[in-house]
Each structure stands twice: as C-alpha cells, then as structure tokens.
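Asker: Sending over input-v2.pdb (PDB, C-alpha atoms).
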```pdb
ATOM      1  CA  MET C   1     -21.273  -9.562 -16.405
ATOM      2  CA  THR C   2     -19.613  -8.328 -19.594
ATOM      3  CA  THR C   3     -19.830  -4.706 -18.472
ATOM      4  CA  ASP C   4     -18.344  -5.718 -15.124
ATOM      5  CA  LEU C   5     -15.490  -7.439 -16.913
ATOM      6  CA  ILE C   6     -14.783  -4.418 -19.126
ATOM      7  CA  VAL C   7     -14.782  -2.060 -16.115
ATOM      8  CA  PHE C   8     -12.559  -4.447 -14.175
ATOM      9  CA  SER C   9     -10.088  -4.854 -17.033
ATOM     10  CA  GLY C  10      -9.794  -1.125 -17.609
ATOM     11  CA  LEU C  11      -9.277  -0.334 -13.942
ATOM     12  CA  ALA C  12      -6.871  -3.238 -13.456
ATOM     13  CA  LEU C  13      -4.847  -2.000 -16.427
ATOM     14  CA  VAL C  14      -4.624   1.487 -14.905
ATOM     15  CA  ALA C  15      -3.710   0.063 -11.485
ATOM     16  CA  VAL C  16      -0.929  -2.177 -12.805
ATOM     17  CA  ALA C  17       0.361   0.493 -15.209
ATOM     18  CA  SER C  18       0.550   3.091 -12.438
ATOM     19  CA  ALA C  19       2.375   0.597 -10.187
ATOM     20  CA  ILE C  20       4.890  -0.036 -12.996
ATOM     21  CA  GLY C  21       5.169   3.727 -13.469
ATOM     22  CA  LEU C  22       6.017   4.039  -9.782
ATOM     23  CA  LEU C  23       8.922   1.642 -10.287
ATOM     24  CA  ALA C  24      10.073   2.986 -13.644
ATOM     25  CA  SER C  25      10.166   6.737 -13.019
ATOM     26  CA  GLN C  26      13.490   8.189 -11.938
ATOM     27  CA  ASN C  27      11.885  11.168 -10.217
ATOM     28  CA  ALA C  28      10.411  10.519  -6.766
ATOM     29  CA  VAL C  29       7.690  13.142  -7.309
ATOM     30  CA  TYR C  30       6.434  11.255 -10.373
ATOM     31  CA  SER C  31       6.526   8.046  -8.317
ATOM     32  CA  ALA C  32       4.332   9.671  -5.670
ATOM     33  CA  LEU C  33       1.855  10.906  -8.289
ATOM     34  CA  PHE C  34       1.683   7.431  -9.857
ATOM     35  CA  LEU C  35       1.007   6.007  -6.406
ATOM     36  CA  ILE C  36      -1.860   8.487  -5.913
ATOM     37  CA  LEU C  37      -3.353   7.283  -9.225
ATOM     38  CA  ASN C  38      -2.973   3.684  -8.047
ATOM     39  CA  PHE C  39      -4.713   4.435  -4.731
ATOM     40  CA  SER C  40      -7.569   6.138  -6.565
ATOM     41  CA  THR C  41      -8.168   3.165  -8.869
ATOM     42  CA  VAL C  42      -8.088   0.794  -5.896
ATOM     43  CA  ALA C  43     -10.668   3.059  -4.225
ATOM     44  CA  VAL C  44     -12.927   2.542  -7.261
ATOM     45  CA  PHE C  45     -12.432  -1.220  -6.818
ATOM     46  CA  TYR C  46     -13.575  -0.826  -3.212
ATOM     47  CA  LEU C  47     -16.720   0.941  -4.452
ATOM     48  CA  ILE C  48     -17.410  -1.916  -6.879
ATOM     49  CA  LEU C  49     -16.889  -4.446  -4.069
ATOM     50  CA  GLY C  50     -19.505  -2.786  -1.845
ATOM     51  CA  ALA C  51     -17.223  -0.849   0.503
ATOM     52  CA  PRO C  52     -18.089   2.853   0.022
ATOM     53  CA  PHE C  53     -16.872   3.855   3.483
ATOM     54  CA  ILE C  54     -13.492   2.192   2.981
ATOM     55  CA  ALA C  55     -13.256   3.684  -0.519
ATOM     56  CA  LEU C  56     -13.679   7.233   0.768
ATOM     57  CA  THR C  57     -11.313   6.557   3.669
ATOM     58  CA  GLN C  58      -8.810   5.393   1.084
ATOM     59  CA  ILE C  59      -9.159   8.656  -0.846
ATOM     60  CA  THR C  60      -8.949  10.950   2.191
ATOM     61  CA  VAL C  61      -6.367   9.106   4.297
ATOM     62  CA  TYR C  62      -4.154   7.406   1.691
ATOM     63  CA  ALA C  63      -4.379   9.498  -1.466
ATOM     64  CA  GLY C  64      -4.909  12.643   0.585
ATOM     65  CA  ALA C  65      -3.084  12.779   3.891
ATOM     66  CA  ILE C  66      -0.346  10.155   3.520
ATOM     67  CA  MET C  67       0.693  11.099  -0.008
ATOM     68  CA  VAL C  68       0.728  14.815   0.802
ATOM     69  CA  LEU C  69       3.109  13.949   3.651
ATOM     70  CA  PHE C  70       5.286  12.008   1.189
ATOM     71  CA  LEU C  71       5.343  14.893  -1.293
ATOM     72  CA  PHE C  72       6.181  17.347   1.480
ATOM     73  CA  VAL C  73       9.157  15.257   2.617
ATOM     74  CA  ILE C  74      10.408  14.696  -0.957
ATOM     75  CA  MET C  75      10.341  18.425  -1.655
ATOM     76  CA  LEU C  76      11.678  19.337   1.785
ATOM     77  CA  LEU C  77      14.747  17.161   1.303
ATOM     78  CA  GLY C  78      15.083  17.858  -2.431
ATOM     79  CA  ALA C  79      15.272  14.093  -2.839
ATOM     80  CA  GLU C  80      13.641  13.834  -6.267
ATOM     81  CA  GLN C  81      16.615  12.426  -8.128
ATOM     82  CA  MET C  82      18.457  10.686  -5.321
ATOM     83  CA  GLY C  83      19.728   7.156  -5.214
ATOM     84  CA  TYR C  84      18.758   5.291  -8.310
ATOM     85  CA  ALA C  85      22.133   4.080  -9.570
ATOM     86  CA  SER C  86      22.996   0.942  -7.678
ATOM     87  CA  PRO C  87      26.623  -0.196  -7.750
ATOM     88  CA  LEU C  88      25.453  -3.809  -7.688
ATOM     89  CA  ARG C  89      24.963  -4.874 -11.310
ATOM     90  CA  TRP C  90      23.431  -8.263 -10.582
ATOM     91  CA  GLN C  91      20.795  -6.853  -8.265
ATOM     92  CA  ARG C  92      18.206  -5.734 -10.830
ATOM     93  CA  PRO C  93      18.055  -8.973 -12.892
ATOM     94  CA  LEU C  94      17.946 -11.029  -9.697
ATOM     95  CA  ALA C  95      15.147  -8.867  -8.291
ATOM     96  CA  LEU C  96      13.160  -9.185 -11.530
ATOM     97  CA  PHE C  97      13.614 -12.969 -11.496
ATOM     98  CA  LEU C  98      12.518 -13.231  -7.849
ATOM     99  CA  GLY C  99       9.537 -10.945  -8.523
ATOM    100  CA  VAL C 100       8.387 -13.117 -11.436
ATOM    101  CA  VAL C 101       8.740 -16.215  -9.237
ATOM    102  CA  LEU C 102       6.701 -14.558  -6.454
ATOM    103  CA  ALA C 103       3.924 -13.507  -8.842
ATOM    104  CA  ALA C 104       3.825 -16.938 -10.487
ATOM    105  CA  GLU C 105       3.618 -18.661  -7.106
ATOM    106  CA  ALA C 106       0.841 -16.386  -5.833
ATOM    107  CA  ILE C 107      -1.257 -16.798  -8.989
ATOM    108  CA  TYR C 108      -0.615 -20.552  -9.024
ATOM    109  CA  VAL C 109      -1.852 -20.845  -5.411
ATOM    110  CA  VAL C 110      -4.978 -18.798  -6.196
ATOM    111  CA  LEU C 111      -5.777 -20.811  -9.322
ATOM    112  CA  THR C 112      -5.204 -24.251  -7.795
ATOM    113  CA  ASN C 113      -7.360 -23.433  -4.756
ATOM    114  CA  ARG C 114     -10.223 -22.018  -6.794
ATOM    115  CA  ALA C 115     -12.617 -24.632  -5.453
ATOM    116  CA  LEU C 116     -12.089 -23.402  -1.867
ATOM    117  CA  LEU C 117     -12.804 -19.777  -2.706
ATOM    118  CA  PRO C 118     -16.253 -18.309  -2.017
ATOM    119  CA  THR C 119     -18.316 -17.481  -5.074
ATOM    120  CA  GLY C 120     -19.897 -14.344  -3.654
ATOM    121  CA  ALA C 121     -22.590 -13.963  -1.009
ATOM    122  CA  GLN C 122     -25.735 -11.933  -1.470
ATOM    123  CA  ALA C 123     -24.986  -8.462  -0.127
ATOM    124  CA  GLY C 124     -27.821  -6.168   0.882
ATOM    125  CA  PRO C 125     -28.010  -2.567  -0.345
ATOM    126  CA  THR C 126     -26.665  -1.261   2.970
ATOM    127  CA  PHE C 127     -23.640  -3.606   2.999
ATOM    128  CA  GLY C 128     -20.511  -1.591   3.770
ATOM    129  CA  SER C 129     -22.404   1.629   4.452
ATOM    130  CA  PRO C 130     -20.968   3.884   7.195
ATOM    131  CA  VAL C 131     -23.840   2.947   9.533
ATOM    132  CA  MET C 132     -23.155  -0.785   9.310
ATOM    133  CA  VAL C 133     -19.379  -0.362   9.474
ATOM    134  CA  GLY C 134     -19.782   1.865  12.523
ATOM    135  CA  GLU C 135     -22.029  -0.649  14.255
ATOM    136  CA  VAL C 136     -19.499  -3.443  13.829
ATOM    137  CA  LEU C 137     -16.558  -1.169  14.644
ATOM    138  CA  PHE C 138     -17.960   0.189  17.894
ATOM    139  CA  ASN C 139     -19.465  -3.063  19.178
ATOM    140  CA  GLN C 140     -17.371  -6.005  18.098
ATOM    141  CA  TYR C 141     -14.068  -4.153  17.559
ATOM    142  CA  LEU C 142     -14.203  -1.464  20.243
ATOM    143  CA  LEU C 143     -11.003  -2.530  22.033
ATOM    144  CA  PRO C 144      -8.855  -2.647  18.852
ATOM    145  CA  PHE C 145     -10.262   0.766  17.943
ATOM    146  CA  GLU C 146      -9.096   2.236  21.248
ATOM    147  CA  VAL C 147      -5.695   0.549  20.896
ATOM    148  CA  ILE C 148      -5.374   2.175  17.441
ATOM    149  CA  SER C 149      -5.975   5.602  19.000
ATOM    150  CA  LEU C 150      -3.150   4.888  21.458
ATOM    151  CA  LEU C 151      -0.913   3.762  18.574
ATOM    152  CA  LEU C 152      -1.598   6.978  16.661
ATOM    153  CA  LEU C 153      -0.768   9.025  19.758
ATOM    154  CA  ALA C 154       2.508   7.127  20.188
ATOM    155  CA  ALA C 155       3.352   7.648  16.499
ATOM    156  CA  MET C 156       2.634  11.368  16.800
ATOM    157  CA  ILE C 157       4.895  11.722  19.845
ATOM    158  CA  GLY C 158       7.565   9.644  18.113
ATOM    159  CA  ALA C 159       7.491  11.827  15.006
ATOM    160  CA  ILE C 160       7.750  15.001  17.114
ATOM    161  CA  VAL C 161      10.662  13.626  19.152
ATOM    162  CA  LEU C 162      12.522  12.469  16.026
ATOM    163  CA  SER C 163      12.132  15.686  14.080
ATOM    164  CA  ARG C 164      12.742  18.063  17.000
ATOM    165  CA  GLY C 165      16.518  17.957  16.580
ATOM    166  CA  LYS C 166      19.128  18.348  19.246
ATOM    167  CA  SER C 167      18.443  21.355  21.469
TER     168      SER C 167
ATOM    169  CA  MET Q 168     -19.812  -9.935  -8.827
ATOM    170  CA  LEU Q 169     -16.845 -11.126 -10.842
ATOM    171  CA  PRO Q 170     -15.035 -14.280  -9.673
ATOM    172  CA  VAL Q 171     -12.874 -13.745  -6.589
ATOM    173  CA  THR Q 172      -9.926 -15.112  -8.572
ATOM    174  CA  TYR Q 173      -9.696 -11.946 -10.702
ATOM    175  CA  TYR Q 174      -9.394  -9.643  -7.725
ATOM    176  CA  LEU Q 175      -6.942 -11.929  -5.948
ATOM    177  CA  GLY Q 176      -4.826 -12.129  -9.104
ATOM    178  CA  LEU Q 177      -4.738  -8.336  -9.376
ATOM    179  CA  SER Q 178      -3.867  -8.113  -5.681
ATOM    180  CA  ALA Q 179      -1.016 -10.594  -6.161
ATOM    181  CA  ILE Q 180       0.358  -8.636  -9.127
ATOM    182  CA  LEU Q 181       0.237  -5.329  -7.237
ATOM    183  CA  PHE Q 182       1.907  -6.940  -4.222
ATOM    184  CA  THR Q 183       4.672  -8.347  -6.429
ATOM    185  CA  LEU Q 184       5.268  -4.935  -8.021
ATOM    186  CA  GLY Q 185       5.570  -3.440  -4.523
ATOM    187  CA  ALA Q 186       8.066  -6.128  -3.510
ATOM    188  CA  LEU Q 187      10.028  -5.472  -6.717
ATOM    189  CA  GLY Q 188      10.135  -1.791  -5.827
ATOM    190  CA  VAL Q 189      11.652  -2.599  -2.441
ATOM    191  CA  LEU Q 190      14.271  -4.805  -4.124
ATOM    192  CA  ILE Q 191      15.184  -2.513  -7.037
ATOM    193  CA  LYS Q 192      14.935   1.074  -5.823
ATOM    194  CA  ARG Q 193      17.697   2.779  -3.843
ATOM    195  CA  ASN Q 194      15.799   5.895  -2.761
ATOM    196  CA  ALA Q 195      14.461   5.293   0.773
ATOM    197  CA  ILE Q 196      11.305   7.328   0.110
ATOM    198  CA  VAL Q 197      10.443   5.329  -3.018
ATOM    199  CA  ILE Q 198      11.025   2.091  -1.085
ATOM    200  CA  PHE Q 199       8.611   3.388   1.521
ATOM    201  CA  MET Q 200       6.040   4.091  -1.202
ATOM    202  CA  SER Q 201       6.474   0.528  -2.477
ATOM    203  CA  ILE Q 202       5.651  -0.735   1.020
ATOM    204  CA  GLU Q 203       2.442   1.312   0.885
ATOM    205  CA  LEU Q 204       1.685  -0.341  -2.464
ATOM    206  CA  MET Q 205       2.032  -3.783  -0.854
ATOM    207  CA  LEU Q 206      -0.245  -2.806   2.046
ATOM    208  CA  ASN Q 207      -2.765  -1.584  -0.489
ATOM    209  CA  ALA Q 208      -2.672  -4.884  -2.395
ATOM    210  CA  ALA Q 209      -3.358  -6.765   0.850
ATOM    211  CA  ASN Q 210      -6.255  -4.386   1.570
ATOM    212  CA  LEU Q 211      -7.749  -5.166  -1.834
ATOM    213  CA  ALA Q 212      -7.714  -8.885  -0.988
ATOM    214  CA  PHE Q 213      -9.350  -8.123   2.386
ATOM    215  CA  VAL Q 214     -12.186  -6.142   0.799
ATOM    216  CA  THR Q 215     -12.680  -8.830  -1.856
ATOM    217  CA  PHE Q 216     -13.106 -11.505   0.794
ATOM    218  CA  ALA Q 217     -15.392  -9.244   2.852
ATOM    219  CA  ARG Q 218     -17.665  -8.945  -0.186
ATOM    220  CA  ALA Q 219     -17.429 -12.631  -1.093
ATOM    221  CA  TYR Q 220     -18.293 -13.873   2.391
ATOM    222  CA  GLY Q 221     -20.778 -11.068   3.072
ATOM    223  CA  ALA Q 222     -18.925 -10.299   6.327
ATOM    224  CA  LEU Q 223     -17.953  -6.773   7.358
ATOM    225  CA  SER Q 224     -14.967  -7.826   9.486
ATOM    226  CA  GLY Q 225     -12.716  -7.693   6.434
ATOM    227  CA  GLN Q 226     -13.559  -4.042   5.877
ATOM    228  CA  ILE Q 227     -12.918  -3.242   9.554
ATOM    229  CA  PHE Q 228      -9.518  -4.854   9.180
ATOM    230  CA  VAL Q 229      -8.739  -2.626   6.201
ATOM    231  CA  PHE Q 230      -9.635   0.347   8.378
ATOM    232  CA  PHE Q 231      -7.125  -0.794  11.003
ATOM    233  CA  VAL Q 232      -4.451  -1.423   8.378
ATOM    234  CA  MET Q 233      -4.930   2.150   7.136
ATOM    235  CA  ALA Q 234      -4.528   3.524  10.658
ATOM    236  CA  VAL Q 235      -1.339   1.505  11.196
ATOM    237  CA  ALA Q 236      -0.037   2.643   7.796
ATOM    238  CA  ALA Q 237      -0.652   6.274   8.746
ATOM    239  CA  ALA Q 238       1.267   5.826  12.008
ATOM    240  CA  GLU Q 239       4.061   4.027  10.156
ATOM    241  CA  VAL Q 240       4.365   6.808   7.580
ATOM    242  CA  ALA Q 241       4.515   9.512  10.262
ATOM    243  CA  VAL Q 242       7.347   7.801  12.134
ATOM    244  CA  GLY Q 243       9.105   6.519   9.015
ATOM    245  CA  LEU Q 244       9.252   9.891   7.289
ATOM    246  CA  ALA Q 245      10.501  11.511  10.499
ATOM    247  CA  LEU Q 246      13.259   8.861  10.561
ATOM    248  CA  ILE Q 247      14.140   9.544   6.918
ATOM    249  CA  VAL Q 248      14.364  13.297   7.605
ATOM    250  CA  THR Q 249      16.644  12.619  10.588
ATOM    251  CA  ILE Q 250      18.855  10.284   8.545
ATOM    252  CA  PHE Q 251      19.057  12.929   5.804
ATOM    253  CA  HIS Q 252      20.225  15.494   8.344
ATOM    254  CA  THR Q 253      23.069  13.271   9.527
ATOM    255  CA  LYS Q 254      24.200  11.770   6.182
ATOM    256  CA  GLN Q 255      22.948  14.363   3.619
ATOM    257  CA  ASN Q 256      21.644  11.430   1.577
ATOM    258  CA  ILE Q 257      18.829   8.890   1.646
ATOM    259  CA  ASP Q 258      20.429   6.299  -0.617
ATOM    260  CA  ILE Q 259      20.016   3.035   1.279
ATOM    261  CA  ASP Q 260      23.361   1.748  -0.027
ATOM    262  CA  GLN Q 261      25.009   4.509   2.021
ATOM    263  CA  MET Q 262      23.412   3.366   5.258
ATOM    264  CA  ASN Q 263      26.066   0.870   6.297
ATOM    265  CA  MET Q 264      27.347   2.354   9.551
ATOM    266  CA  MET Q 265      26.592  -0.884  11.400
ATOM    267  CA  LYS Q 266      28.603  -2.951   8.938
ATOM    268  CA  GLY Q 267      31.273  -4.939  10.786
TER     269      GLY Q 267
END
```
What's the structure tokens form of this structure?
Answerer:
Amino acid sequence: MTTDLIVFSGLALVAVASAIGLLASQNAVYSALFLILNFSTVAVFYLILGAPFIALTQITVYAGAIMVLFLFVIMLLGAEQMGYASPLRWQRPLALFLGVVLAAEAIYVVLTNRALLPTGAQAGPTFGSPVMVGEVLFNQYLLPFEVISLLLLAAMIGAIVLSRGKS
Amino acid sequence: MLPVTYYLGLSAILFTLGALGVLIKRNAIVIFMSIELMLNAANLAFVTFARAYGALSGQIFVFFVMAVAAAEVAVGLALIVTIFHTKQNIDIDQMNMMKG
C-alpha cells in the first residue's frame, strides 16, 4: 500500500508537472515534448491499473504516431513561436479563475460521492491482456469496431482532400 | 489497488489543465494538444473504473476514444495547414473572417 502510494505520487507529480509545462512553455515544440512525457506517465498508470494492452496502444498510437504528426506539422509550418501574446488582458486571469473553479467542482463531486464509488474488484492475472481485450472487442463490440474503421477511412480521405491544394 | 478517488482526482486535475490550455493559449496547434490532454484525462478515468468494476468494457472504450482522437488529429492538422496557407498564421485571434 505504501509503495503503491509512493509510486502513484511520483507519477502523478510528473504527469501534472508535464501538463503545466505544456501550458507554460512558449515554444510549441517543447509543448509537444511535454505532452509526450505526460502520455508516457499515463501509460504507466494504465499498466498499474491492469491495462497492459491499452498502455502499449497509448505509447504507440498517442506518444508515437499522433505526436510525431504534431511535431511534423509544427516544424512544417515553422509555428514554434506563433501566437502567444493575446491582446485581451483580462483573458488570462479569467481563465485561471474558471480553471480553479472547474477543478474545485470536479474534486468536490468526487469527494462527496465517495460512498458510491467502487472499492476495487478482484482482477485475475489475465485481466486486460490482449487475448481478453480481443475477445470482448470482436464479440461484444464488433459493430463499433467496424464503424471505427469506416471513420478512419473517412478521416484519411478528408485529410488528403484538405491538404491536396487547389489544382 | 489505491482508492479510486486518487485516480479520479488526478484525472480531474489533468482535465482542468487541458481546459486551461484551450482558454489561455493562442497557438492553434497548442490548443489542439490541450484537447488531446483532456481526452487523455477522460481515458484515465475510464481505465480506473474498468479496473475498479473488473469490467473490460471501459478499456474497450478507451481504445475507441484513441481511434477517434487519431482521426480527429489527422483532419484537424490538415485543416490547420490549410488555414496557414491562406492566412500565413495560426493565431486563433486572427481567425475572425466570419465576424459580422
């Protein structure tokens, strides 16, 4: 229990610090690298929570594919330093205030409904393994899976059409 | 396993930081990254509940969210590149062509 708590605290610190780094850095490339760090720590959380398949999907799809796409576009456009000086002076304090209110509300809701939350079921050693995830995915969720493939095809065609330019 | 409250609290904090990023930042790409951060926070809550209830459906849902996020990033970045080609800028304060 104590070891769990120490591991959780350390990882949570890294996750929150990298998220703050994403907001604080003026260079978009640094923001992207902070986000990769954040995704990696969340992947470790997934491993702790018995989801090895999702954890590795997180690393390959999110920290790998999606963030490489982000870095490519940032460097393609040379957009590292763009757009951080807002002409609206009141915007930043107001956003900070609203963010604090949102966080306080969310944590208040979680803490006041603690009695309704599950305390943790017994999970077998194969819980979350690729075999079990695949069984559920291809039996119970087969139709959504096929719809997702259609969605990805539509997104691919959309991206090609948008970036083709006028010819 | 640690109490569910810890993970949900962390998820709430990460979600709030993502929302703050959308409110504060002016660079469209960084705003997009903040949206990914929010999706990720929601995924963390999903996986926590999947573990707490011993049900795999939560993990399947995370898988679907990742697929939708990938599609969203592909189209969104293509849109940002197109906007950059027309306006030479991706500052969202500049995108006011529809202003009356």
Asker: If the PyMOL selection byres ((chain C and resi 46-60) around 10) is run on the structure shown, which residues does it catch, given as a PyMOL selection string?
Answerer: (chain C and resi 4+7-8+36+39-45+61-67+123-134) or (chain Q and resi 168-169+174+207+210-211+214-219+221+223+226-227+229-230+233)
Asker: With the PyMOL selection byres ((chain Q and resi 238) around 12) as the selection, what would be picked from this file? Answer as a PyMOL selection string, please.
Answerer: (chain C and resi 61-62+65-66+69+148-159) or (chain Q and resi 231-237+239-245)
Asker: Run the PyMOL selection byres ((chain Q and resi 179) around 9) against the file shown and list the residues it catches, as a VMD selection string.
Answerer: (chain C and resid 102 to 103 106 to 107) or (chain Q and resid 174 to 178 180 to 184 208 to 209 212)
Asker: Give me the residues within 9 Å of Ile202 in chain Q as a list of chain:residue names, counting all atoms listed in the file and dropping any in the same chain fewer than 4 places off.
Answerer: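 Counting only the stated atoms, we get Q:Phe182, Q:Gly185, Q:Ala186, Q:Gly188, Q:Val189, Q:Val197, Q:Ile198, Q:Leu206, Q:Asn207.
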Asker: Suppose you want the space between CA of Phe213 in chain Q and CA of Phe228 in chain Q; what is it in Å?
Answerer: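 Distance reported for this atom pair: 7.5 Å.
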Asker: So what do you get for CA of Val100 in chain C versus CA of Asn263 in chain Q, distance-wise?
Answerer: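 One can read the CA of Val100 in chain C to CA of Asn263 in chain Q distance as 28.7 Å.
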Asker: So how many Å separate CA of Val73 in chain C and CA of Asn256 in chain Q, to one decimal?
Answerer: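 Computing the Euclidean distance for CA of Val73 in chain C and CA of Asn256 in chain Q yields 13.1 Å.
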Asker: Using all atoms of range 90-109 of chain C listed in the file and a margin of 8 Å per side, can you give the axis-aligned box centre and edge lengths in Å to one decimal, as JSON?
Answerer:
```
{"center_x": 10.8, "center_y": -13.3, "center_z": -9.2, "size_x": 41.3, "size_y": 31.1, "size_z": 23.5}
```
Asker: Determine the nearest neighbour of chain Q from the options C:Leu94, C:Val136, C:Gly120, C:Gln26, counting all atoms listed in the file.
Answerer: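 The shortest atom-to-atom distance to chain Q comes from C:Gly120.
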Asker: Restricting the calculation to all atoms listed in the file: of Q:Ile250, Q:Glu203, Q:Lys266, Q:Asp258, which residue gets closest to chain C?
Answerer: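 The answer is Q:Asp258, which sits nearest to chain C.
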Asker: Pick the closest to chain Q from C:Asn139, C:Thr112, C:Asn27, C:Thr119: which is it, counting all atoms listed in the file?
Answerer: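 Counting all atoms listed in the file, the residue closest to chain Q is C:Thr119.
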Asker: Point out the residue among Q:Tyr220, Q:Met264, Q:Ile247, Q:Lys254 with the least atom-to-atom distance to chain C, counting all atoms listed in the file.
Answerer: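 When distances to chain C are compared using all atoms listed in the file, the smallest one comes from Q:Tyr220.
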Asker: With distances taken over all atoms listed in the file, which residue among C:Leu142, C:Ala32, C:Val68, C:Leu37 lies nearest chain Q?
Answerer: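 Under the stated criterion, the closest residue is C:Ala32.
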Asker: Hey, which of Q:Met265, Q:Val248, Q:Val171, Q:Leu190 ends up closest to Trp90 in chain C? Count only C-alpha atoms.
Answerer: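 Under the stated criterion, the closest residue is Q:Leu190.
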Asker: Write out as a list in words each polymer residue whose atoms come within 9 Å of Leu33 in chain C, counting only C-alpha atoms; drop sequence neighbours fewer than 6 positions from it.
Answerer: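 The residues that qualify are Ser18, Leu22, Met67 and Leu71 of chain C.
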Asker: Got a moment to write range 168-199 of chain Q out with C-alpha atoms, as a CSV table (one decimal), in the first residue's frame?
Answerer:
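Final output, saved to selection16.csv:
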```
chain,number,residue,atom,x,y,z
Q,168,MET,CA,-5.2,-1.0,-5.6
Q,169,LEU,CA,-5.3,2.6,-4.3
Q,170,PRO,CA,-8.7,4.2,-3.7
Q,171,VAL,CA,-10.5,5.2,-6.9
Q,172,THR,CA,-10.6,8.8,-5.6
Q,173,TYR,CA,-6.9,9.3,-6.1
Q,174,TYR,CA,-7.0,8.4,-9.8
Q,175,LEU,CA,-10.2,10.4,-10.4
Q,176,GLY,CA,-8.7,13.4,-8.7
Q,177,LEU,CA,-5.6,13.2,-10.9
Q,178,SER,CA,-7.9,12.8,-13.9
Q,179,ALA,CA,-9.8,15.9,-12.9
Q,180,ILE,CA,-6.6,18.0,-12.5
Q,181,LEU,CA,-5.3,16.9,-15.9
Q,182,PHE,CA,-8.6,17.7,-17.5
Q,183,THR,CA,-8.7,21.1,-15.9
Q,184,LEU,CA,-5.1,21.8,-17.1
Q,185,GLY,CA,-6.2,20.9,-20.6
Q,186,ALA,CA,-9.2,23.2,-20.4
Q,187,LEU,CA,-7.0,26.0,-19.2
Q,188,GLY,CA,-4.7,25.4,-22.2
Q,189,VAL,CA,-7.7,25.8,-24.5
Q,190,LEU,CA,-8.6,29.1,-22.8
Q,191,ILE,CA,-5.2,30.6,-22.4
Q,192,LYS,CA,-3.1,29.6,-25.5
Q,193,ARG,CA,-3.4,31.4,-28.8
Q,194,ASN,CA,-1.5,28.9,-31.0
Q,195,ALA,CA,-4.0,26.6,-32.7
Q,196,ILE,CA,-1.6,23.6,-32.5
Q,197,VAL,CA,-1.1,24.0,-28.8
Q,198,ILE,CA,-4.8,24.3,-28.3
Q,199,PHE,CA,-5.2,21.1,-30.2
```
